[in-house]
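Q: The structure that follows is given in the form of structure tokens.
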Amino acid sequence: MAFIHGKNTVVFVNGSNLSPYFNDSSVSQDVETAETTAFGDSAKTYITGLRDGTMSADGMFDGSLLAIDAVLSGIIGSTAADVVTMAPEGATAGKPCYSASTRETSYEISSPVADVVSASMEAQATGGIDRALLLDANEAVTAARNSAVIDNAASTSDGVVGYLHVTLNTRDGSTSLSVQDSADNITFADLVPFVAVGAAAIGGQRVAVAGTVERYVRTQITPGGSSGSITYTMAFARK
């Protein structure tokens, strides 16, 4: 058994790494069941229904520009979905994380007279929560690169969901990022092409792709323009 300490957890919301503000986070998944008990049964029976999930985090308030308050108060009530990733083993490539397209349902600030001002958020997943693997984590690049390859030992056939968080960006041109797959670990092709990230833009994306996912997976990034760097985290979940 390999237990881990909670201090390593990272939390991304769209284009922000809010880990420095949070000290507690949780991911909750559940599934509906429909009763199928009939006459003659001696015990209740059920079938599996729809999956659901929520994500929440608690921590310290900071009202600075681009800090936790500006981010979380800015998205509550938004008609656009938010991309949230929580990684309990830290921002390390190859480690598991939990990612989802969400709607923020609660943002609370508490100001006790004898303690630090706190902030907390709750988000409802729309489309379920994916257990994903980090391909790149807090990677700052200035030139084209491919990530290390993750070997799944076999291909899968039910599609994939890719998640992207761009948290810092000083590039002066548009950057292309994608998840790629390969059957032989030699020839790779784009599997999940994210929308190109514009100069100096930050944000989060979730892209779902149906069909076969080959055995080997990696990321590819091609920064645009001629100067600056871009910092991103990318994860993928086989379905």
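All residue names refer to the structure tokens as shown: chains lettered A, B, ... in order, residues numbered from 1 in each chain, ligands numbered from 1 in order.
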List the neighbours of region 79-90 of chain A out to 6 Å using only C-alpha atoms; skip same-chain residues closer than 5 positions along the sequence, and give me the result as a ChimeraX atom specification.
A: /A:8-14,97-103,204
Q: Taking only residues of region 125-187 of chain A that have an atom at most 12 Å from an atom of region 224-231 of chain A, what is each one's shortest atom pair and its distance in Å to one decimal, using only C-alpha atoms, in chain and number order, as JSON lines?
A:
{"residue": "A:Asp136", "atom": "CA", "partner": "A:Thr231", "partner_atom": "CA", "distance": 9.9}
{"residue": "A:Ala137", "atom": "CA", "partner": "A:Thr231", "partner_atom": "CA", "distance": 8.7}
{"residue": "A:Asn138", "atom": "CA", "partner": "A:Thr231", "partner_atom": "CA", "distance": 5.9}
{"residue": "A:Glu139", "atom": "CA", "partner": "A:Thr231", "partner_atom": "CA", "distance": 5.2}
{"residue": "A:Ala140", "atom": "CA", "partner": "A:Thr231", "partner_atom": "CA", "distance": 4.1}
{"residue": "A:Val141", "atom": "CA", "partner": "A:Ser229", "partner_atom": "CA", "distance": 5.4}
{"residue": "A:Thr142", "atom": "CA", "partner": "A:Ser229", "partner_atom": "CA", "distance": 4.6}
{"residue": "A:Ala143", "atom": "CA", "partner": "A:Ser229", "partner_atom": "CA", "distance": 8.1}
{"residue": "A:Ala144", "atom": "CA", "partner": "A:Gly224", "partner_atom": "CA", "distance": 9.1}
{"residue": "A:Arg145", "atom": "CA", "partner": "A:Ile230", "partner_atom": "CA", "distance": 11.9}
{"residue": "A:Leu164", "atom": "CA", "partner": "A:Thr231", "partner_atom": "CA", "distance": 10.7}
{"residue": "A:His165", "atom": "CA", "partner": "A:Thr231", "partner_atom": "CA", "distance": 8.5}
{"residue": "A:Val166", "atom": "CA", "partner": "A:Thr231", "partner_atom": "CA", "distance": 5.9}
{"residue": "A:Thr167", "atom": "CA", "partner": "A:Thr231", "partner_atom": "CA", "distance": 5.8}
{"residue": "A:Leu168", "atom": "CA", "partner": "A:Thr231", "partner_atom": "CA", "distance": 5.0}
{"residue": "A:Asn169", "atom": "CA", "partner": "A:Ile230", "partner_atom": "CA", "distance": 4.3}
{"residue": "A:Thr170", "atom": "CA", "partner": "A:Gly228", "partner_atom": "CA", "distance": 4.7}
{"residue": "A:Arg171", "atom": "CA", "partner": "A:Gly228", "partner_atom": "CA", "distance": 4.2}
{"residue": "A:Asp172", "atom": "CA", "partner": "A:Gly225", "partner_atom": "CA", "distance": 4.9}
{"residue": "A:Gly173", "atom": "CA", "partner": "A:Gly225", "partner_atom": "CA", "distance": 3.8}
{"residue": "A:Ser174", "atom": "CA", "partner": "A:Gly224", "partner_atom": "CA", "distance": 4.6}
{"residue": "A:Thr175", "atom": "CA", "partner": "A:Gly224", "partner_atom": "CA", "distance": 4.6}
{"residue": "A:Ser176", "atom": "CA", "partner": "A:Gly224", "partner_atom": "CA", "distance": 7.4}
{"residue": "A:Leu177", "atom": "CA", "partner": "A:Gly224", "partner_atom": "CA", "distance": 10.5}
Q: Mind giving me the straight-line distance from CA of Asp181 (chain A) to CA of Thr92 (chain A) in Å, one decimal?
A: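 Result for CA of Asp181 (chain A) versus CA of Thr92 (chain A): 20.0 Å, one decimal.
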Q: If you measure from CA of Ile202 (chain A) to CA of Gly77 (chain A), what distance in Å do you get, rounded to one decimal?
A: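 Interatomic distance here is 20.2 Å.
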Q: What gap, in Å, lies between CA of Ile150 (chain A) and CA of Asp130 (chain A)?
A: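 The value is 17.4 Å.
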Q: Write out as JSON, numbers by chain all residues of region 12-219 of chain A that DSSP puts in helix (DSSP H, G or I) for this structure's backbone.
A: {"A": [68, 69, 70, 71, 72, 73, 74, 75]}
Q: How would the residues just chosen look if you wrote them out with all heavy atoms as a compact mmCIF listing (two decimals), in the first residue's frame?
A:
# COMPACT_ATOMS: atom_id res chain seq x y z
N ILE A 68 -8.15 34.01 -5.44
CA ILE A 68 -9.29 33.12 -5.29
C ILE A 68 -10.63 33.85 -5.38
O ILE A 68 -11.57 33.36 -6.02
CB ILE A 68 -9.18 32.33 -3.97
CG1 ILE A 68 -10.33 31.30 -3.87
CG2 ILE A 68 -9.13 33.24 -2.75
CD1 ILE A 68 -10.18 30.35 -2.69
N ASP A 69 -10.75 35.02 -4.77
CA ASP A 69 -12.05 35.70 -4.77
C ASP A 69 -12.43 36.17 -6.17
O ASP A 69 -13.58 36.02 -6.60
CB ASP A 69 -12.02 36.89 -3.81
CG ASP A 69 -13.37 37.59 -3.73
OD1 ASP A 69 -14.35 36.92 -3.36
OD2 ASP A 69 -13.44 38.79 -4.05
N ALA A 70 -11.48 36.73 -6.89
CA ALA A 70 -11.77 37.20 -8.25
C ALA A 70 -12.19 36.04 -9.15
O ALA A 70 -13.10 36.18 -9.97
CB ALA A 70 -10.54 37.90 -8.83
N VAL A 71 -11.53 34.88 -8.98
CA VAL A 71 -11.84 33.73 -9.83
C VAL A 71 -13.22 33.15 -9.50
O VAL A 71 -14.07 32.99 -10.37
CB VAL A 71 -10.76 32.64 -9.68
CG1 VAL A 71 -11.18 31.36 -10.43
CG2 VAL A 71 -9.42 33.15 -10.20
N LEU A 72 -13.45 32.84 -8.22
CA LEU A 72 -14.67 32.13 -7.85
C LEU A 72 -15.91 33.01 -7.85
O LEU A 72 -17.00 32.55 -8.19
CB LEU A 72 -14.49 31.46 -6.49
CG LEU A 72 -13.40 30.37 -6.44
CD1 LEU A 72 -13.35 29.73 -5.07
CD2 LEU A 72 -13.63 29.32 -7.52
N SER A 73 -15.77 34.26 -7.48
CA SER A 73 -16.94 35.15 -7.55
C SER A 73 -17.27 35.50 -8.98
O SER A 73 -18.40 35.85 -9.31
CB SER A 73 -16.70 36.43 -6.74
OG SER A 73 -15.64 37.19 -7.29
N GLY A 74 -16.27 35.38 -9.87
CA GLY A 74 -16.48 35.72 -11.27
C GLY A 74 -17.19 34.66 -12.08
O GLY A 74 -17.71 34.95 -13.16
N ILE A 75 -17.22 33.40 -11.57
CA ILE A 75 -17.82 32.33 -12.37
C ILE A 75 -19.18 31.86 -11.84
O ILE A 75 -19.90 31.17 -12.56
CB ILE A 75 -16.89 31.12 -12.50
CG1 ILE A 75 -16.60 30.50 -11.12
CG2 ILE A 75 -15.60 31.51 -13.20
CD1 ILE A 75 -15.75 29.24 -11.19
Q: Name the closest residue to Tyr163 (chain A) among the candidates A:Ala189, A:Ala93, A:Leu133, A:Met234; distances are taken between atoms, counting only C-alpha atoms.
A: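 Nearest to Tyr163 (chain A): A:Met234.
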Q: Run DSSP on the backbone and tell me which residues of region 13-178 of chain A come out as strand (DSSP E or B); list them as a PyMOL selection string.
A: chain A and resi 13+16-17+22-35+46-60+82-87+96-110+118-125+130-141+145-146+150-151+156+160-169+175-178
Q: Rank A:Thr233, A:Thr187, A:Ser110, A:Ser78 by their smallest atom-to-atom distance to Gln205 (chain A), using only C-alpha atoms, and report the top residue only.
A: A:Thr233
Q: Return the single residue from A:Gly94, A:Gly49, A:Pro193, A:Gly159 that is closest to Glu32 (chain A), with distances computed using only C-alpha atoms.
A: A:Gly49
Q: Using only C-alpha atoms, which of A:Ile129, A:Leu50, A:Ala2, A:Val197 sits nearest Thr222 (chain A)?
A: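 Residue with the minimum atom-to-atom distance to Thr222 (chain A): A:Val197.
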Q: Got a sec: who's within 6 Å of region 21-30 of chain A, counting only C-alpha atoms, leaving out chain neighbours fewer than 3 positions off, as a PDB file with N, CA, C and O atoms, in the first residue's frame?
A:
ATOM      1  N   LEU A  18      -5.535  27.223  -8.023  1.00  0.00           N
ATOM      2  CA  LEU A  18      -5.983  27.783  -6.744  1.00  0.00           C
ATOM      3  C   LEU A  18      -5.447  27.016  -5.548  1.00  0.00           C
ATOM      4  O   LEU A  18      -5.861  27.262  -4.416  1.00  0.00           O
ATOM      5  N   ARG A  51     -25.136   8.459 -13.352  1.00  0.00           N
ATOM      6  CA  ARG A  51     -24.054   8.903 -12.486  1.00  0.00           C
ATOM      7  C   ARG A  51     -24.172  10.396 -12.207  1.00  0.00           C
ATOM      8  O   ARG A  51     -24.719  11.158 -12.998  1.00  0.00           O
ATOM      9  N   ASP A  52     -23.606  10.813 -11.064  1.00  0.00           N
ATOM     10  CA  ASP A  52     -23.602  12.223 -10.693  1.00  0.00           C
ATOM     11  C   ASP A  52     -22.346  12.482  -9.880  1.00  0.00           C
ATOM     12  O   ASP A  52     -21.668  11.540  -9.426  1.00  0.00           O
ATOM     13  N   GLY A  53     -22.025  13.753  -9.689  1.00  0.00           N
ATOM     14  CA  GLY A  53     -20.845  14.060  -8.890  1.00  0.00           C
ATOM     15  C   GLY A  53     -20.755  15.530  -8.536  1.00  0.00           C
ATOM     16  O   GLY A  53     -21.305  16.391  -9.238  1.00  0.00           O
ATOM     17  N   THR A  54     -20.069  15.811  -7.437  1.00  0.00           N
ATOM     18  CA  THR A  54     -19.810  17.185  -7.014  1.00  0.00           C
ATOM     19  C   THR A  54     -18.351  17.314  -6.594  1.00  0.00           C
ATOM     20  O   THR A  54     -17.702  16.340  -6.220  1.00  0.00           O
ATOM     21  N   MET A  55     -17.853  18.553  -6.644  1.00  0.00           N
ATOM     22  CA  MET A  55     -16.483  18.863  -6.231  1.00  0.00           C
ATOM     23  C   MET A  55     -16.541  20.085  -5.336  1.00  0.00           C
ATOM     24  O   MET A  55     -17.285  21.034  -5.624  1.00  0.00           O
ATOM     25  N   SER A  56     -15.779  20.066  -4.255  1.00  0.00           N
ATOM     26  CA  SER A  56     -15.799  21.208  -3.330  1.00  0.00           C
ATOM     27  C   SER A  56     -14.407  21.448  -2.771  1.00  0.00           C
ATOM     28  O   SER A  56     -13.559  20.547  -2.763  1.00  0.00           O
ATOM     29  N   ALA A  57     -14.180  22.666  -2.314  1.00  0.00           N
ATOM     30  CA  ALA A  57     -12.892  23.021  -1.729  1.00  0.00           C
ATOM     31  C   ALA A  57     -13.073  24.167  -0.753  1.00  0.00           C
ATOM     32  O   ALA A  57     -13.955  25.024  -0.927  1.00  0.00           O
ATOM     33  N   ASP A  58     -12.243  24.169   0.289  1.00  0.00           N
ATOM     34  CA  ASP A  58     -12.275  25.208   1.319  1.00  0.00           C
ATOM     35  C   ASP A  58     -10.863  25.733   1.544  1.00  0.00           C
ATOM     36  O   ASP A  58      -9.887  24.986   1.434  1.00  0.00           O
ATOM     37  N   GLY A  59     -10.773  27.025   1.896  1.00  0.00           N
ATOM     38  CA  GLY A  59      -9.455  27.584   2.143  1.00  0.00           C
ATOM     39  C   GLY A  59      -9.512  29.010   2.622  1.00  0.00           C
ATOM     40  O   GLY A  59     -10.448  29.410   3.330  1.00  0.00           O
ATOM     41  N   MET A  60      -8.512  29.796   2.221  1.00  0.00           N
ATOM     42  CA  MET A  60      -8.335  31.160   2.705  1.00  0.00           C
ATOM     43  C   MET A  60      -8.710  32.184   1.633  1.00  0.00           C
ATOM     44  O   MET A  60      -8.396  32.011   0.462  1.00  0.00           O
TER      45      MET A  60
END
Q: For Asp184 (chain A), which residue out of A:Ile76, A:Leu65, A:Ala153, A:Ala196 is the nearest one, using only C-alpha atoms?
A: A:Ala153
Q: I'd like the contact shell of Phe188 (chain A) - 10 Å cut-off, only C-alpha atoms, skipping same-chain residues fewer than 2 positions apart - returned as a PyMOL selection string.
A: chain A and resi 179-186+190-191+214+216-220
Q: Would you mind telling me which residue in A:Ala67, A:Val31, A:Ala154, A:Ala38 lies nearest to Gly15 (chain A) when using only C-alpha atoms?
A: A:Ala67
